[in-house]
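Student: Contents of final_30.cif (mmCIF, C-alpha atoms) are below:
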```
data_query
loop_
_atom_site.label_atom_id
_atom_site.label_comp_id
_atom_site.auth_asym_id
_atom_site.auth_seq_id
_atom_site.Cartn_x
_atom_site.Cartn_y
_atom_site.Cartn_z
CA MET A 2 0.00 0.00 0.00
CA LEU A 3 1.18 3.51 -0.82
CA ALA A 4 -0.13 6.75 0.64
CA LEU A 5 -0.19 9.96 -1.38
CA ASN A 6 2.41 11.60 0.87
CA LYS A 7 4.99 8.86 0.20
CA GLU A 8 7.63 9.07 -2.52
CA VAL A 9 6.51 7.63 -5.85
CA LYS A 10 9.43 6.14 -7.76
CA MET A 11 9.24 5.75 -11.52
CA LEU A 12 11.57 3.90 -13.89
CA LEU A 13 11.69 4.83 -17.58
CA LEU A 14 12.93 2.05 -19.85
CA ASP A 15 12.63 4.16 -23.02
CA PRO A 16 12.66 7.87 -23.92
CA LEU A 17 9.12 9.26 -23.62
CA PRO A 18 7.31 12.08 -25.46
CA ALA A 19 7.94 15.56 -24.09
CA THR A 20 4.29 15.89 -23.06
CA ALA A 21 4.60 12.82 -20.84
CA MET A 22 7.80 14.01 -19.20
CA ALA A 23 6.24 17.37 -18.35
CA ILE A 24 3.22 15.69 -16.74
CA PHE A 25 5.35 13.28 -14.69
CA LYS A 26 7.72 16.00 -13.50
CA ASN A 27 4.81 18.21 -12.46
CA SER A 28 3.38 15.29 -10.50
CA GLY A 29 6.40 15.20 -8.24
CA PHE A 30 7.48 11.64 -9.07
CA THR A 31 11.09 10.59 -8.55
CA ILE A 32 12.17 9.59 -12.07
CA ASP A 33 15.04 7.31 -12.99
CA GLU A 34 16.06 6.35 -16.52
CA CYS A 35 17.57 3.14 -17.86
CA PHE A 36 17.44 3.13 -21.66
CA GLU A 37 19.97 0.38 -22.38
CA ALA A 38 18.52 -3.06 -23.16
CA MET A 39 18.45 -5.41 -20.19
CA THR A 40 18.16 -9.14 -19.80
CA GLU A 41 15.26 -10.64 -17.88
CA ALA A 42 17.52 -11.18 -14.88
CA GLN A 43 18.68 -7.56 -14.96
CA LEU A 44 15.09 -6.32 -15.19
CA VAL A 45 14.06 -8.53 -12.27
CA LYS A 46 16.74 -6.97 -10.13
CA ARG A 47 16.14 -3.40 -11.34
CA ILE A 48 12.39 -2.86 -11.07
CA SER A 49 11.89 -4.25 -7.56
CA GLU A 50 12.24 -0.80 -5.98
CA TYR A 51 9.86 1.09 -8.30
CA ASN A 52 6.14 1.94 -8.13
CA ILE A 53 5.77 2.76 -11.83
CA VAL A 54 7.52 1.46 -14.94
CA CYS A 55 7.10 3.12 -18.35
CA LEU A 56 8.25 2.02 -21.81
CA ASN A 57 7.24 2.37 -25.45
CA ASP A 58 5.53 -0.22 -27.63
CA SER A 59 8.32 -0.72 -30.18
CA ARG A 60 9.11 -4.25 -28.98
CA ASP A 61 7.22 -7.12 -30.60
CA GLU A 62 8.23 -9.57 -27.87
CA GLN A 63 7.49 -9.34 -24.17
CA TYR A 64 10.02 -7.25 -22.25
CA LEU A 65 8.20 -7.14 -18.95
CA THR A 66 7.71 -10.88 -18.68
CA ASP A 67 5.98 -12.99 -16.04
CA GLU A 68 9.16 -13.24 -13.96
CA VAL A 69 9.95 -9.55 -14.28
CA ILE A 70 6.49 -8.42 -13.19
CA LYS A 71 6.38 -10.87 -10.29
CA SER A 72 9.58 -9.29 -8.97
CA GLY A 73 7.93 -5.86 -8.89
CA HIS A 74 6.38 -6.12 -5.45
CA ARG A 75 6.06 -2.33 -5.20
CA LEU A 76 4.67 -1.84 -8.72
CA LEU A 77 1.37 0.05 -8.84
CA ALA A 78 1.11 0.81 -12.57
CA ILE A 79 2.80 0.23 -15.93
CA GLY A 80 2.61 2.74 -18.78
CA VAL A 81 3.08 1.58 -22.38
CA PHE A 82 3.44 4.58 -24.68
CA GLY A 83 1.81 3.32 -27.86
CA LYS A 84 -1.19 1.37 -29.04
CA ARG A 85 0.11 -2.18 -28.48
CA PRO A 86 1.02 -3.33 -24.95
CA ALA A 87 2.42 -6.61 -26.33
CA CYS A 88 5.70 -5.93 -24.50
CA VAL A 89 3.99 -6.61 -21.16
CA ASP A 90 2.58 -9.85 -19.77
CA LEU A 91 -0.91 -8.45 -19.21
CA GLN A 92 -2.28 -11.53 -17.47
CA THR A 93 0.47 -11.63 -14.86
CA ALA A 94 0.14 -7.89 -14.27
CA ALA A 95 -3.61 -8.25 -13.71
CA SER A 96 -3.10 -11.18 -11.35
CA MET A 97 -0.85 -8.96 -9.24
CA GLY A 98 -3.25 -6.01 -9.30
CA ILE A 99 -1.10 -3.91 -11.64
CA PRO A 100 -2.99 -1.94 -14.34
CA VAL A 101 -1.25 -1.56 -17.70
CA PHE A 102 -2.06 1.67 -19.53
CA SER A 103 -1.74 2.21 -23.29
CA SER A 104 -3.18 4.46 -26.00
CA PRO A 105 -4.83 2.50 -28.82
CA PHE A 106 -6.64 5.39 -30.52
CA GLN A 107 -4.50 8.54 -30.47
CA HIS A 108 -2.65 7.55 -33.67
CA GLN A 109 -5.76 6.92 -35.73
CA GLY A 110 -5.90 10.36 -37.32
CA SER A 111 -2.31 9.93 -38.50
CA VAL A 112 -3.17 6.59 -40.14
CA ALA A 113 -6.23 8.08 -41.85
CA GLU A 114 -4.13 10.95 -43.24
CA LEU A 115 -1.55 8.57 -44.69
CA THR A 116 -4.31 6.50 -46.30
CA MET A 117 -5.83 9.61 -47.84
CA SER A 118 -2.45 10.70 -49.17
CA PHE A 119 -2.01 7.28 -50.78
CA VAL A 120 -5.25 7.83 -52.71
CA VAL A 121 -3.96 11.04 -54.31
CA LEU A 122 -0.44 9.72 -54.89
CA LEU A 123 -1.74 6.60 -56.64
CA ALA A 124 -4.18 8.57 -58.77
CA ARG A 125 -1.33 10.69 -60.16
CA GLN A 126 1.33 7.92 -60.25
CA ILE A 127 3.55 10.09 -58.08
CA GLY A 128 5.67 7.20 -56.83
CA ASP A 129 6.81 6.23 -60.33
CA ARG A 130 7.33 9.80 -61.53
CA SER A 131 9.38 10.69 -58.45
CA LYS A 132 11.58 7.61 -58.82
CA GLU A 133 12.15 8.40 -62.51
CA ILE A 134 13.09 12.03 -62.06
CA HIS A 135 15.57 11.10 -59.33
CA THR A 136 17.43 9.10 -61.98
CA GLY A 137 17.34 11.96 -64.48
CA GLU A 138 14.37 10.68 -66.51
CA TRP A 139 11.83 13.35 -67.51
CA ASN A 140 8.55 11.51 -68.11
CA LYS A 141 5.69 13.99 -68.30
CA ILE A 142 2.64 11.84 -69.06
CA SER A 143 -1.04 11.84 -68.16
CA ALA A 144 -2.08 8.35 -69.28
CA GLY A 145 -3.95 6.69 -66.42
CA CYS A 146 -3.61 9.75 -64.16
CA THR A 147 -6.91 11.00 -62.80
CA GLU A 148 -8.40 13.39 -60.29
CA VAL A 149 -9.91 11.86 -57.15
CA ARG A 150 -12.86 14.25 -57.25
CA GLY A 151 -16.04 12.28 -57.92
CA LYS A 152 -14.31 8.89 -57.54
CA LYS A 153 -15.59 6.18 -55.21
CA LEU A 154 -13.71 5.23 -52.07
CA GLY A 155 -14.69 1.93 -50.47
CA ILE A 156 -13.69 1.39 -46.84
CA ILE A 157 -13.38 -2.10 -45.37
CA GLY A 158 -13.66 -1.62 -41.62
CA TYR A 159 -15.47 1.54 -40.54
CA GLY A 160 -13.90 2.01 -37.11
CA GLN A 161 -11.72 4.77 -35.71
CA VAL A 162 -9.54 5.04 -38.81
CA GLY A 163 -12.15 4.15 -41.42
CA SER A 164 -14.68 6.73 -40.26
CA GLN A 165 -12.07 9.53 -40.13
CA LEU A 166 -10.87 8.52 -43.58
CA GLY A 167 -14.42 8.81 -44.91
CA VAL A 168 -14.70 12.37 -43.63
CA MET A 169 -11.38 13.34 -45.25
CA ALA A 170 -12.39 11.76 -48.56
CA GLU A 171 -15.63 13.71 -48.67
CA THR A 172 -13.72 16.97 -48.35
CA LEU A 173 -12.09 16.00 -51.66
CA SER A 174 -15.55 15.42 -53.17
CA MET A 175 -15.22 11.64 -53.22
CA GLU A 176 -18.16 9.27 -52.82
CA VAL A 177 -17.72 7.04 -49.77
CA SER A 178 -19.15 3.60 -49.07
CA PHE A 179 -18.10 1.13 -46.41
CA TYR A 180 -18.56 -2.36 -45.04
CA ASP A 181 -18.23 -3.31 -41.38
CA ILE A 182 -19.26 -6.48 -39.56
CA ASN A 183 -20.91 -4.30 -36.93
CA SER A 184 -23.87 -2.00 -37.49
CA VAL A 185 -22.34 1.47 -37.25
CA MET A 186 -23.69 4.95 -37.87
CA PRO A 187 -22.36 6.51 -41.10
CA ILE A 188 -20.69 9.90 -40.80
CA GLY A 189 -21.46 12.57 -43.38
CA ARG A 190 -22.76 11.13 -46.65
CA ALA A 191 -21.03 7.76 -46.36
CA LYS A 192 -23.19 4.80 -47.30
CA ALA A 193 -23.11 1.42 -45.57
CA ARG A 194 -23.13 -1.71 -47.72
CA LYS A 195 -24.52 -5.09 -46.67
CA THR A 196 -21.57 -7.06 -48.01
CA MET A 197 -17.89 -6.49 -48.63
CA ASP A 198 -18.35 -7.70 -52.20
CA GLU A 199 -20.55 -4.70 -52.95
CA VAL A 200 -17.80 -2.33 -51.82
CA LEU A 201 -15.14 -4.16 -53.81
CA LYS A 202 -17.14 -4.14 -57.04
CA GLU A 203 -18.14 -0.45 -57.02
CA SER A 204 -15.04 1.29 -55.66
CA ASP A 205 -12.22 3.05 -57.49
CA TYR A 206 -10.13 2.86 -54.32
CA VAL A 207 -10.45 0.18 -51.63
CA ALA A 208 -8.97 1.03 -48.22
CA VAL A 209 -8.50 -1.83 -45.73
CA ASN A 210 -8.81 -0.66 -42.13
CA VAL A 211 -9.57 -3.82 -40.15
CA THR A 212 -8.41 -5.02 -36.74
CA SER A 213 -5.72 -7.67 -36.37
CA VAL A 214 -7.91 -10.62 -35.38
CA PRO A 215 -7.74 -14.13 -36.89
CA GLU A 216 -10.98 -13.61 -38.83
CA ASN A 217 -9.37 -10.77 -40.80
CA ILE A 218 -6.25 -12.63 -41.93
CA LYS A 219 -6.16 -12.50 -45.75
CA ILE A 220 -9.55 -10.80 -45.82
CA ILE A 221 -8.38 -9.57 -49.23
CA GLY A 222 -7.23 -12.51 -51.34
CA GLU A 223 -7.40 -13.78 -54.89
CA ARG A 224 -11.21 -13.93 -54.95
CA GLU A 225 -11.65 -10.42 -53.52
CA LEU A 226 -9.07 -8.90 -55.89
CA GLY A 227 -10.93 -10.49 -58.78
CA LEU A 228 -14.07 -8.56 -57.82
CA MET A 229 -12.36 -5.16 -58.06
CA LYS A 230 -12.38 -2.93 -61.13
CA LYS A 231 -9.37 -3.21 -63.41
CA THR A 232 -8.85 0.51 -62.85
CA ALA A 233 -9.09 0.22 -59.06
CA TYR A 234 -6.42 0.58 -56.38
CA LEU A 235 -5.97 -1.31 -53.10
CA ILE A 236 -4.67 0.40 -49.96
CA ASN A 237 -3.78 -1.41 -46.72
CA THR A 238 -2.72 0.53 -43.64
CA SER A 239 -4.18 -1.86 -41.05
CA PHE A 240 -2.06 -4.97 -40.44
CA GLY A 241 0.18 -6.99 -42.72
CA ASP A 242 -1.72 -10.26 -42.86
CA ALA A 243 -5.00 -8.56 -43.87
CA VAL A 244 -3.93 -8.87 -47.52
CA ASP A 245 -2.65 -11.95 -49.34
CA ILE A 246 0.55 -10.39 -50.66
CA ASP A 247 1.26 -13.13 -53.19
CA ALA A 248 -2.25 -12.84 -54.64
CA LEU A 249 -1.87 -9.05 -54.78
CA ALA A 250 1.45 -9.37 -56.65
CA VAL A 251 -0.20 -11.63 -59.23
CA ALA A 252 -3.13 -9.22 -59.61
CA LEU A 253 -0.81 -6.26 -60.18
CA LYS A 254 1.46 -8.06 -62.65
CA SER A 255 -1.51 -9.34 -64.66
CA GLY A 256 -3.27 -5.95 -64.73
CA LEU A 257 -6.19 -7.20 -62.67
CA ILE A 258 -6.01 -3.95 -60.67
CA ARG A 259 -4.14 -0.73 -61.48
CA GLY A 260 -2.04 -0.18 -58.36
CA ALA A 261 -1.64 -0.53 -54.61
CA ALA A 262 -0.25 1.18 -51.52
CA LEU A 263 0.73 -0.60 -48.33
CA ASP A 264 2.04 0.47 -44.94
CA ALA A 265 1.79 -2.98 -43.34
CA PHE A 266 3.34 -6.27 -44.37
CA PRO A 267 3.47 -9.88 -43.20
CA ASN A 268 6.83 -10.88 -41.71
CA ALA A 269 8.02 -7.28 -41.61
CA PRO A 270 11.42 -6.55 -39.99
CA HIS A 271 11.30 -5.98 -36.24
CA SER A 272 13.83 -3.15 -36.30
CA ASN A 273 15.39 -0.60 -38.64
CA LYS A 274 18.38 -2.92 -39.04
CA GLY A 275 16.27 -5.67 -40.57
CA THR A 276 16.11 -6.56 -44.27
CA PHE A 277 12.84 -6.16 -46.15
CA LYS A 278 11.83 -8.57 -48.90
CA ASN A 279 8.48 -8.58 -50.64
CA PRO A 280 7.04 -9.74 -54.01
CA LEU A 281 5.70 -6.22 -54.64
CA MET A 282 9.16 -4.69 -54.82
CA GLY A 283 9.88 -3.04 -58.17
CA LEU A 284 6.30 -3.11 -59.43
CA LYS A 285 4.85 -0.05 -61.16
CA ASN A 286 2.45 2.24 -59.28
CA VAL A 287 2.97 0.42 -55.99
CA LEU A 288 3.69 2.56 -52.95
CA MET A 289 5.20 0.97 -49.84
CA THR A 290 6.12 2.56 -46.53
CA PRO A 291 7.70 0.86 -43.47
CA ASN A 292 4.73 0.83 -41.09
CA ILE A 293 4.86 4.58 -40.45
CA GLY A 294 1.12 5.26 -40.56
CA ASP A 295 0.89 5.82 -36.81
CA THR A 296 4.26 7.57 -36.53
CA THR A 297 3.86 11.34 -36.40
CA VAL A 298 5.05 14.01 -34.00
CA GLU A 299 1.47 14.99 -33.16
CA GLY A 300 0.39 11.41 -32.63
CA GLU A 301 3.29 10.70 -30.28
CA LEU A 302 2.54 13.84 -28.26
CA ARG A 303 -1.12 12.84 -27.90
CA VAL A 304 -0.07 9.39 -26.76
CA GLY A 305 2.29 10.95 -24.24
CA THR A 306 -0.46 13.11 -22.80
CA GLU A 307 -3.03 10.32 -22.60
CA VAL A 308 -0.85 7.62 -21.05
CA ALA A 309 0.93 9.96 -18.63
CA ASN A 310 -2.34 11.45 -17.37
CA ALA A 311 -3.81 7.97 -17.02
CA VAL A 312 -0.86 6.79 -14.92
CA VAL A 313 -0.94 9.91 -12.72
CA ASN A 314 -4.70 9.64 -12.20
CA ASN A 315 -4.29 6.03 -11.17
CA ILE A 316 -1.67 6.87 -8.56
CA ARG A 317 -3.59 9.89 -7.24
CA PHE A 318 -7.17 8.71 -7.43
CA GLY A 319 -7.23 5.03 -8.44
CA SER A 320 -8.62 5.71 -11.93
CA THR A 321 -8.20 2.83 -14.40
CA VAL A 322 -9.48 4.43 -17.63
CA GLY A 323 -7.17 3.46 -20.49
CA THR A 324 -6.03 0.11 -19.11
CA ALA A 325 -5.57 -2.95 -21.30
CA ASN A 326 -6.01 -5.52 -18.52
CA PHE A 327 -8.27 -3.97 -15.83
CA PRO A 328 -11.89 -3.01 -15.21
CA SER A 329 -12.32 0.63 -16.22
CA ILE A 330 -13.34 3.19 -13.59
CA SER A 331 -13.06 6.96 -13.97
CA ALA A 332 -12.21 8.00 -10.42
CA TRP A 333 -12.86 11.42 -8.91
CA PRO A 334 -10.82 13.73 -6.63
CA LEU A 335 -10.93 12.71 -2.99
CA LYS A 336 -12.78 15.13 -0.72
CA ALA A 337 -11.29 16.52 2.48
CA GLY A 338 -11.98 14.44 5.58
CA MET A 339 -12.31 11.23 3.60
CA ARG A 340 -10.07 8.28 2.78
CA ARG A 341 -10.29 6.05 -0.25
CA VAL A 342 -10.14 2.28 -0.07
CA ILE A 343 -9.28 0.50 -3.32
CA ASN A 344 -9.63 -3.25 -3.45
CA ILE A 345 -8.63 -5.44 -6.38
CA HIS A 346 -10.06 -8.92 -6.09
CA LYS A 347 -11.01 -12.06 -7.94
CA ASN A 348 -14.42 -11.72 -9.50
CA VAL A 349 -16.26 -14.40 -7.57
CA ARG A 350 -19.64 -14.61 -5.89
CA GLY A 351 -19.85 -13.15 -2.38
CA VAL A 352 -16.66 -11.11 -2.40
CA LEU A 353 -18.49 -7.75 -2.40
CA GLN A 354 -20.48 -8.81 0.65
CA GLU A 355 -17.24 -9.60 2.49
CA ILE A 356 -15.74 -6.21 1.63
CA ASP A 357 -18.91 -4.34 2.64
CA TYR A 358 -18.99 -6.18 5.97
CA ILE A 359 -15.41 -5.12 6.80
CA LEU A 360 -16.11 -1.48 5.85
CA SER A 361 -19.44 -1.37 7.69
CA ALA A 362 -17.69 0.31 10.63
CA TYR A 363 -17.39 3.45 8.51
CA ASN A 364 -19.82 5.83 6.86
CA VAL A 365 -19.48 5.18 3.12
CA GLY A 366 -19.70 8.36 1.07
CA LYS A 367 -19.39 6.80 -2.38
CA GLN A 368 -18.76 3.36 -3.79
CA ILE A 369 -18.29 2.00 -7.31
CA LEU A 370 -17.50 -1.47 -8.60
CA GLU A 371 -16.49 -2.70 -12.05
CA THR A 372 -15.46 -6.14 -13.24
CA LYS A 373 -13.56 -7.47 -16.25
CA ASP A 374 -13.21 -11.18 -16.85
CA SER A 375 -11.88 -12.70 -13.61
CA LEU A 376 -10.96 -9.38 -11.96
CA GLY A 377 -13.04 -7.06 -9.79
CA TYR A 378 -12.14 -3.47 -8.91
CA ILE A 379 -13.90 -1.46 -6.19
CA ILE A 380 -13.37 2.10 -4.99
CA VAL A 381 -14.94 3.08 -1.65
CA ASP A 382 -14.73 6.57 -0.11
CA ILE A 383 -15.26 6.53 3.65
CA THR A 384 -15.71 9.44 6.08
CA THR A 385 -12.67 9.24 8.31
CA GLU A 386 -9.24 10.79 8.73
CA GLU A 387 -7.56 7.46 9.31
CA VAL A 388 -8.23 3.87 8.32
CA THR A 389 -7.33 1.47 11.13
CA ALA A 390 -4.59 -1.09 10.59
CA GLU A 391 -7.01 -3.81 11.59
CA ILE A 392 -9.39 -3.09 8.73
CA VAL A 393 -6.52 -2.85 6.27
CA SER A 394 -5.32 -6.26 7.42
CA GLN A 395 -8.81 -7.72 7.18
CA LEU A 396 -9.16 -6.58 3.56
CA ALA A 397 -5.71 -7.88 2.69
CA LEU A 398 -6.45 -11.26 4.25
CA LEU A 399 -9.65 -11.88 2.32
CA ALA A 400 -9.26 -15.10 0.34
CA HIS A 401 -10.05 -13.39 -2.95
CA THR A 402 -8.16 -10.10 -2.45
CA VAL A 403 -5.41 -9.44 -4.97
CA ARG A 404 -4.34 -6.07 -3.65
CA THR A 405 -5.59 -3.26 -1.42
CA ARG A 406 -4.61 0.40 -1.58
CA ILE A 407 -5.50 3.21 0.79
CA LEU A 408 -5.45 6.83 -0.45
#
```
Can you dump the structure from the file as structure tokens?
Tutor:
Amino acid sequence: MLALNKEVKMLLLDPLPATAMAIFKNSGFTIDECFEAMTEAQLVKRISEYNIVCLNDSRDEQYLTDEVIKSGHRLLAIGVFGKRPACVDLQTAASMGIPVFSSPFQHQGSVAELTMSFVVLLARQIGDRSKEIHTGEWNKISAGCTEVRGKKLGIIGYGQVGSQLGVMAETLSMEVSFYDINSVMPIGRAKARKTMDEVLKESDYVAVNVTSVPENIKIIGERELGLMKKTAYLINTSFGDAVDIDALAVALKSGLIRGAALDAFPNAPHSNKGTFKNPLMGLKNVLMTPNIGDTTVEGELRVGTEVANAVVNNIRFGSTVGTANFPSISAWPLKAGMRRVINIHKNVRGVLQEIDYILSAYNVGKQILETKDSLGYIIVDITTEEVTAEIVSQLALLAHTVRTRIL
């Protein structure tokens, strides 16, 4: 347990956005940095003294593993600055009552902008013309180059990125249709289609913006490419396995579709030192970028603000909004003359009754409970200046208690 007047120690394993650093420094945390890569054994030894650990999401493999997290007996929160907390063993963190914060949506505008830029660049064959002029070739042609005004953009996956993309496309006077497995409200003049096939058949540009779940692997394959217009373009900025790359290469070489742009690839290199190989390399009117759709200065700053504020609000108030492994509660500032009891427990029948019985000695001002899977999270504000050690011990000794904090 950690009171608000105790020192909060934070370890940074990676450089963080400037917005995050400003928030953490203003919060009065003691901040240590350790940016060099560490082995699991080194991490186990290093994090044992810290209440918060922060890192970015650039690692594809777990960095904070089961053993590392179990060694963090003082850990209260983990901040992952990015959209994918794959570098953390989320299940172990949850089992120890440690929320893991990330920011899955702050990059979406950046991805939508890149997708929209691909539409214009493909329409004017900018990739080929730029490559040619860099080699001294002056090739001023208009064959196959069109305006995007009045053309049809079909969006596969009308979520955070897809819906923003639709709005941007309409500002360029494009007609927008979309397909999504869920029933979602169209924005602007976008039109929902009942099947993906309808979108593929009618669109001049098809943008794939689906989530990385097994059902969406190779959602665009040989059959789907065969439904598209011969003058159409395919754009994928979602995840690499959403498109069958070999089938796309065949479609492009045979003239089945006119061009493509991709920012995500199967078996992509894990670092900037890796080697990239792909059957699309060298093909005409094919744009490829190294998974940079969510990499912008503005996006990183927004991520920094969101994750840092989420971590601070968890330490100060117990808020868990923005966690990847916890029930979500938006906590409120604690009033004078009150103490806050936070109990993380296994989500089993009867546990709330046991907690209420222990706290019945106090006047409860406010109480809220949320559950997620096997975990329960309760915040109780009680009217008192001091919570007795006996009650703290009773809560901690409950069979289903994972962790108790007193603020």
Student: Fewer than 4 positions away in the same chain doesn't count, so skip those; otherwise give me all residues within 7 Å of stretch 377-380 of chain A, counting only C-alpha atoms, as a ChimeraX atom specification.
Tutor: /A:328,341-348,368-373
Student: Could you spell out the hits of the PyMOL selection byres ((chain A and resi 318) around 8) on the shown file, as a ChimeraX atom specification?
Tutor: /A:314-317,319-320,332-335,408
Student: Residues as selected, C-alpha atoms, written as a compact mmCIF listing (two decimals), in the frame of the given file, can you do that?
Tutor:
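This is the output file again_37.txt:
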```txt
# COMPACT_ATOMS: atom_id res chain seq x y z
CA ASN A 314 -4.70 9.64 -12.20
CA ASN A 315 -4.29 6.03 -11.17
CA ILE A 316 -1.67 6.87 -8.56
CA ARG A 317 -3.59 9.89 -7.24
CA GLY A 319 -7.23 5.03 -8.44
CA SER A 320 -8.62 5.71 -11.93
CA ALA A 332 -12.21 8.00 -10.42
CA TRP A 333 -12.86 11.42 -8.91
CA PRO A 334 -10.82 13.73 -6.63
CA LEU A 335 -10.93 12.71 -2.99
CA LEU A 408 -5.45 6.83 -0.45
```
Student: To test your reading of the syntax: which residues would the PyMOL selection byres ((chain A and resi 299-313) around 6) return for the file shown? Reply as number ranges by chain.
Tutor: A: 18, 20-21, 103-104, 107-108, 297-298, 314-316
Student: Hey, can you spit out that residue selection with C-alpha atoms as a compact mmCIF listing (two decimals), in the frame of the given file?
Tutor:
```
# COMPACT_ATOMS: atom_id res chain seq x y z
CA PRO A 18 7.31 12.08 -25.46
CA THR A 20 4.29 15.89 -23.06
CA ALA A 21 4.60 12.82 -20.84
CA SER A 103 -1.74 2.21 -23.29
CA SER A 104 -3.18 4.46 -26.00
CA GLN A 107 -4.50 8.54 -30.47
CA HIS A 108 -2.65 7.55 -33.67
CA THR A 297 3.86 11.34 -36.40
CA VAL A 298 5.05 14.01 -34.00
CA ASN A 314 -4.70 9.64 -12.20
CA ASN A 315 -4.29 6.03 -11.17
CA ILE A 316 -1.67 6.87 -8.56
```
Student: Within 12 Å of (2.5, 12.6, -58.7), in the coordinates the file gives, what residues turn up when you count only C-alpha atoms, written out as a PyMOL selection string?
Tutor: chain A and resi 118-134+140-143+145-148+286+288
Student: Which residue gives the smallest distance to A:Leu376 among A:Gln395, A:Thr40, A:Ser329, A:Asn52, with all atoms listed in the file counted?
Tutor: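 Counting all atoms listed in the file, the residue closest to A:Leu376 is A:Ser329.
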